[in-house]
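Since the structure comes first, as structure tokens, the remarks are kept for the end.
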Amino acid sequence: MNKATAVTLTVVLGLVAISVPIAIAIHLAWKQAFNQEMELASSIAQDILRRNHASLDQVRAVFHELAAAQASDPCSDENRRLMAKLDLGSEHVQAIGYIKDNVLRCSSFGRHKTVVSAPAYETSYGAEIRLALEFPLLPGKKFLVVTDKATGYTAAVHPNLPIDVFAEDPDISVGLFSVPSGRLILGRGNFQQQWMGHLGDAEQAQFSDTQSLVAIQRSSRYAFAAFASVPTAKVYQGLVQAALVLVPIGVAAGVALGFAVRYLAMQQLALPAMLKVALRRHEFFLNYQPIVDLQTGKWVGAEALIRWRRPNGELVRPDLFIAVAEEAGLIQRVTQRVMTILGSEAGELFERYPDFHIAVNLSAADLESQATIEGLRCLARETAARHGNLLIEATERGLMRAEVVKEILGEIRSMGVQTAIDDFGTGYSSLSYLESFEFDYLKIDKSFVDTLGKDAATSQVVPHIIEMAKSLKLEMIAEGVETEAQAQFLRERGVQFAQGWLFAKPMSFEQLIAGLSASGASQECALQNGGMRGDAPEVARA
Ligand SMILES: Nc1nc2c(ncn2[C@@H]2O[C@H](COP(=O)(O)O[C@H]3[C@@H](O)[C@H](n4cnc5c(=O)[nH]c(N)nc54)O[C@@H]3COP(=O)(O)O)[C@@H](O)[C@H]2O)c(=O)[nH]1
């Protein structure tokens, strides 16, 4: 990637890093305000339902008591006294009377002969409803009147009482509608007939349109439902309030992320220059991760893994700087550095453990260059390496220029340096393509080993890789083995070697030597000369 592209990418990423948290903050503020208003609507609807249940329960109790009195004349003095008593004792019922043939014959206030309107509708539980009836002694006051169809007893409820909630807020509409007919029974403010459709057979419904947030709650005992609606404008007011808290947090998070992106980008852009300095100042060192024989558990080799410690003590991860070194054309110098360090350390190792091997990672550029042959020859000389003491690991991505790589690999093998295909299965090589390269080992990638024992689709891949390796007559090294179950699986299927935290993490040269001494690995290593092919004139010690 050139510098201009990297700068553009950084600016774009920085803008995204800043704007995404702000967008998330605004979205959260909106959601919070919306939920808050919806919860308010829902709690009002439930309150209205509670109040209506209380009113109706009292009306039914009144009817029950009057029926129980079994008066032969519903308007007798005694029965009217009972009406007055029940009336006084009820919080919701304002007047009690007796209606027959649409004539109010008497009430707790006395005898009448007032013609009243026909009921607006009849309920499923045998009550007749008149929505706005005036009592003779209370002119100008309209009541919701319920008449027990069977007895004619009638109770009047103040129409505002059940919906007398949030009355001080004119923007909030509330009411009660009959479920079967969709007719509004009581209400204040705005009510749209089509809201009913949202309830269907459900207990409750919550929805919004461009103007309102609506909550509907169905009665579990009567054929009506209560609703409350809050104007959408209130959500915007709430949004502003929530945004005042959340947006500054989002801006702070965005700015912090923006700085982080900038810092990382600067580091990334500066890395090639830093790498050059690090190569000059010898800031690299090696770690070694043991490779074990899965049958005996002995350490038979180790992979050399480069480490970069900056002068301030910071360790830079190889998966960060190797890619940069490859892109910046510095990887061959890095590989050369690996071989130089190895040259100063491995001689002692091969002398004490003649059958031990050390693996060196090669990138694509290394695999295409004669300089690698020279480097390995020099390393073999310096360390007095025997046939099989040195091994190179090439990834599938490194094999792109097949013809050139084949030639270099051939020369490497003819020196007695063994070859392994690394990260197997993560690239795009076909079997026939791989067959055309001569490798000694196949390294099964950690990503496949990770899936062993899991239900993942890729967990089926390892047995196929093993079969393939067998058919290509390659020995196998499984990477990233972390559990005994994985080791057991691989062992049972004939995988010879493994590497991973289950056995040992990457370690210093001194730790490797100490570990080898402790395990007494000298003569019994499994990567015997018998496991190698061809002569090795350059590396074989006399
Ligand atoms: N061209 C070169 N590439 C190199 C060199 N040194 C390292 N690398 C490559 O960098 C990548 C990261 O390497 P590293 O951080 O050293 O990680 C290695 C092991 O530590 C890790 N590993 C091994 N076992 C386990 C395990 O059980 N769990 C776990 N979480 N990680 C584990 O795997 C890395 C080794 O991978 P591989 O090379 O594929 O065998 C990595 O791609 C290195 O190749 C260098 O000198 N040159």
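Going by the structure tokens order, chains are called A, B, ..., each with residues numbered from 1, while ligands are numbered from 1 in the order shown.
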Ala278 in chain A surroundings by only C-alpha atoms, 12 Å radius, close-in-sequence under 6 positions cut, as a VMD selection string: chain A and resid 271 to 272 284 to 285 307 to 311 316 321 325 330 333 to 334 337
Any residue with an atom at most 8 Å from ligand 1 counts, using only C-alpha atoms and all ligand atoms. Which are they? Put them as JSON, numbers by chain. {"A": [286, 287, 289, 303, 304, 305, 306, 307, 317, 318, 319, 320, 322, 331, 334, 335, 338, 360, 361, 362, 363, 393, 422, 423, 443, 445, 446, 479, 480, 481, 482, 499, 500, 501, 502, 504, 505, 506]}
By how many Å are CA of Glu122 in chain A and CA of Ser229 in chain A apart?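 One can read the CA of Glu122 in chain A to CA of Ser229 in chain A distance as 26.9 Å.
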Shell of 9 Å around Gln486 in chain A, only C-alpha atoms, local chain residues under 6 positions omitted, as a list in words: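 The neighbour list is Val449, Asp450, Leu452 and Gly453 of chain A.
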Identify, with DSSP run on backbone atoms, the residues in range 150-183 of chain A assigned to strand (DSSP E), and express the list as a PyMOL selection string. chain A and resi 153-157+173-178
Computed interatomic separation between CA of Ile44 in chain A and CA of Val174 in chain A (Å): 7.8 Å
Could you please determine the separation between CA of Asn52 in chain A and CA of Ser117 in chain A in Å, to one decimal place?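 Calculated distance between CA of Asn52 in chain A and CA of Ser117 in chain A is 23.2 Å.
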Looking only at the backbone, which of the residues in range 157-288 of chain A does DSSP tag as alpha helix (DSSP H), as a PyMOL selection string? chain A and resi 232-281
For the residues in that selection, give me N, CA and C atoms as a short mmCIF file (atom, residue, chain, number, x, y, z; two decimals), in the first residue's frame.
data_model
loop_
_atom_site.label_atom_id
_atom_site.label_comp_id
_atom_site.auth_asym_id
_atom_site.auth_seq_id
_atom_site.Cartn_x
_atom_site.Cartn_y
_atom_site.Cartn_z
N THR A 232 -45.69 11.87 19.18
CA THR A 232 -44.29 11.58 18.83
C THR A 232 -43.39 12.75 19.17
N ALA A 233 -43.96 13.93 19.14
CA ALA A 233 -43.16 15.13 19.46
C ALA A 233 -42.50 15.00 20.83
N LYS A 234 -43.18 14.28 21.75
CA LYS A 234 -42.62 14.12 23.09
C LYS A 234 -41.33 13.31 23.04
N VAL A 235 -41.27 12.36 22.07
CA VAL A 235 -40.06 11.56 21.94
C VAL A 235 -38.89 12.47 21.57
N TYR A 236 -39.16 13.45 20.69
CA TYR A 236 -38.08 14.36 20.29
C TYR A 236 -37.60 15.19 21.48
N GLN A 237 -38.59 15.59 22.34
CA GLN A 237 -38.17 16.34 23.54
C GLN A 237 -37.26 15.46 24.39
N GLY A 238 -37.70 14.18 24.57
CA GLY A 238 -36.91 13.24 25.37
C GLY A 238 -35.56 12.97 24.72
N LEU A 239 -35.59 12.94 23.37
CA LEU A 239 -34.34 12.68 22.64
C LEU A 239 -33.33 13.77 22.95
N VAL A 240 -33.79 15.00 22.93
CA VAL A 240 -32.88 16.12 23.21
C VAL A 240 -32.28 15.95 24.60
N GLN A 241 -33.14 15.59 25.57
CA GLN A 241 -32.64 15.43 26.94
C GLN A 241 -31.62 14.29 27.04
N ALA A 242 -31.99 13.13 26.43
CA ALA A 242 -31.07 11.99 26.49
C ALA A 242 -29.80 12.29 25.72
N ALA A 243 -29.97 13.01 24.58
CA ALA A 243 -28.80 13.30 23.76
C ALA A 243 -27.81 14.20 24.49
N LEU A 244 -28.37 15.08 25.36
CA LEU A 244 -27.49 15.97 26.12
C LEU A 244 -26.52 15.18 26.99
N VAL A 245 -26.95 13.97 27.40
CA VAL A 245 -26.07 13.13 28.22
C VAL A 245 -25.23 12.21 27.33
N LEU A 246 -25.92 11.53 26.37
CA LEU A 246 -25.24 10.47 25.63
C LEU A 246 -24.31 10.98 24.53
N VAL A 247 -24.72 12.07 23.84
CA VAL A 247 -23.88 12.52 22.72
C VAL A 247 -22.49 12.98 23.19
N PRO A 248 -22.39 13.74 24.30
CA PRO A 248 -21.01 14.07 24.73
C PRO A 248 -20.18 12.82 25.00
N ILE A 249 -20.83 11.76 25.55
CA ILE A 249 -20.08 10.51 25.79
C ILE A 249 -19.64 9.93 24.45
N GLY A 250 -20.59 9.94 23.46
CA GLY A 250 -20.28 9.42 22.13
C GLY A 250 -19.16 10.23 21.47
N VAL A 251 -19.21 11.56 21.63
CA VAL A 251 -18.17 12.41 21.03
C VAL A 251 -16.82 12.07 21.68
N ALA A 252 -16.84 11.92 23.03
CA ALA A 252 -15.59 11.60 23.74
C ALA A 252 -15.04 10.26 23.25
N ALA A 253 -15.96 9.26 23.16
CA ALA A 253 -15.52 7.94 22.70
C ALA A 253 -15.01 8.02 21.27
N GLY A 254 -15.73 8.79 20.42
CA GLY A 254 -15.34 8.92 19.02
C GLY A 254 -13.98 9.57 18.88
N VAL A 255 -13.77 10.65 19.65
CA VAL A 255 -12.48 11.35 19.57
C VAL A 255 -11.37 10.41 20.05
N ALA A 256 -11.65 9.68 21.16
CA ALA A 256 -10.62 8.75 21.67
C ALA A 256 -10.30 7.69 20.62
N LEU A 257 -11.36 7.17 19.99
CA LEU A 257 -11.14 6.15 18.95
C LEU A 257 -10.38 6.75 17.76
N GLY A 258 -10.75 7.98 17.41
CA GLY A 258 -10.08 8.67 16.30
C GLY A 258 -8.58 8.79 16.58
N PHE A 259 -8.26 9.18 17.83
CA PHE A 259 -6.84 9.29 18.20
C PHE A 259 -6.15 7.93 18.15
N ALA A 260 -6.90 6.90 18.60
CA ALA A 260 -6.31 5.55 18.59
C ALA A 260 -6.00 5.13 17.16
N VAL A 261 -6.97 5.40 16.24
CA VAL A 261 -6.75 5.05 14.83
C VAL A 261 -5.53 5.81 14.31
N ARG A 262 -5.47 7.11 14.66
CA ARG A 262 -4.36 7.93 14.18
C ARG A 262 -3.03 7.38 14.71
N TYR A 263 -3.04 7.03 16.02
CA TYR A 263 -1.82 6.51 16.64
C TYR A 263 -1.36 5.22 15.95
N LEU A 264 -2.34 4.32 15.75
CA LEU A 264 -2.00 3.04 15.11
C LEU A 264 -1.52 3.26 13.68
N ALA A 265 -2.22 4.20 12.99
CA ALA A 265 -1.85 4.45 11.60
C ALA A 265 -0.45 5.05 11.52
N MET A 266 -0.16 5.99 12.43
CA MET A 266 1.17 6.60 12.43
C MET A 266 2.23 5.52 12.65
N GLN A 267 1.89 4.62 13.59
CA GLN A 267 2.83 3.53 13.88
C GLN A 267 3.04 2.67 12.66
N GLN A 268 1.90 2.36 12.00
CA GLN A 268 1.95 1.50 10.82
C GLN A 268 2.75 2.16 9.70
N LEU A 269 2.50 3.50 9.54
CA LEU A 269 3.20 4.20 8.49
C LEU A 269 4.69 4.31 8.80
N ALA A 270 4.96 4.43 10.12
CA ALA A 270 6.35 4.63 10.52
C ALA A 270 7.08 3.30 10.64
N LEU A 271 6.33 2.18 10.62
CA LEU A 271 6.96 0.88 10.89
C LEU A 271 8.12 0.52 9.96
N PRO A 272 7.96 0.71 8.64
CA PRO A 272 9.10 0.34 7.79
C PRO A 272 10.37 1.07 8.19
N ALA A 273 10.22 2.40 8.48
CA ALA A 273 11.41 3.17 8.87
C ALA A 273 11.96 2.62 10.19
N MET A 274 11.04 2.32 11.13
CA MET A 274 11.48 1.80 12.43
C MET A 274 12.15 0.44 12.26
N LEU A 275 11.61 -0.35 11.33
CA LEU A 275 12.17 -1.69 11.09
C LEU A 275 13.62 -1.60 10.60
N LYS A 276 13.84 -0.62 9.71
CA LYS A 276 15.20 -0.46 9.17
C LYS A 276 16.16 -0.13 10.30
N VAL A 277 15.71 0.79 11.17
CA VAL A 277 16.57 1.17 12.30
C VAL A 277 16.79 -0.04 13.21
N ALA A 278 15.69 -0.79 13.44
CA ALA A 278 15.78 -1.96 14.33
C ALA A 278 16.75 -3.00 13.77
N LEU A 279 16.75 -3.13 12.44
CA LEU A 279 17.68 -4.10 11.82
C LEU A 279 19.13 -3.64 12.01
N ARG A 280 19.31 -2.32 11.90
CA ARG A 280 20.68 -1.78 12.09
C ARG A 280 21.11 -1.94 13.54
N ARG A 281 20.16 -1.71 14.46
CA ARG A 281 20.51 -1.70 15.89
C ARG A 281 20.39 -3.06 16.57
#
Counting only C-alpha atoms, the residue of A:Ala45, A:Leu516, A:Val62, A:Cys106 that sits nearest Lys298 in chain A: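 Closest candidate: A:Leu516.
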Excluding Glu65 in chain A and its own-chain neighbours fewer than 4 positions away, which residues fall within 10 Å of it when counting only C-alpha atoms? Please give them as a PyMOL selection string. chain A and resi 60-61+69-70+82-83+86
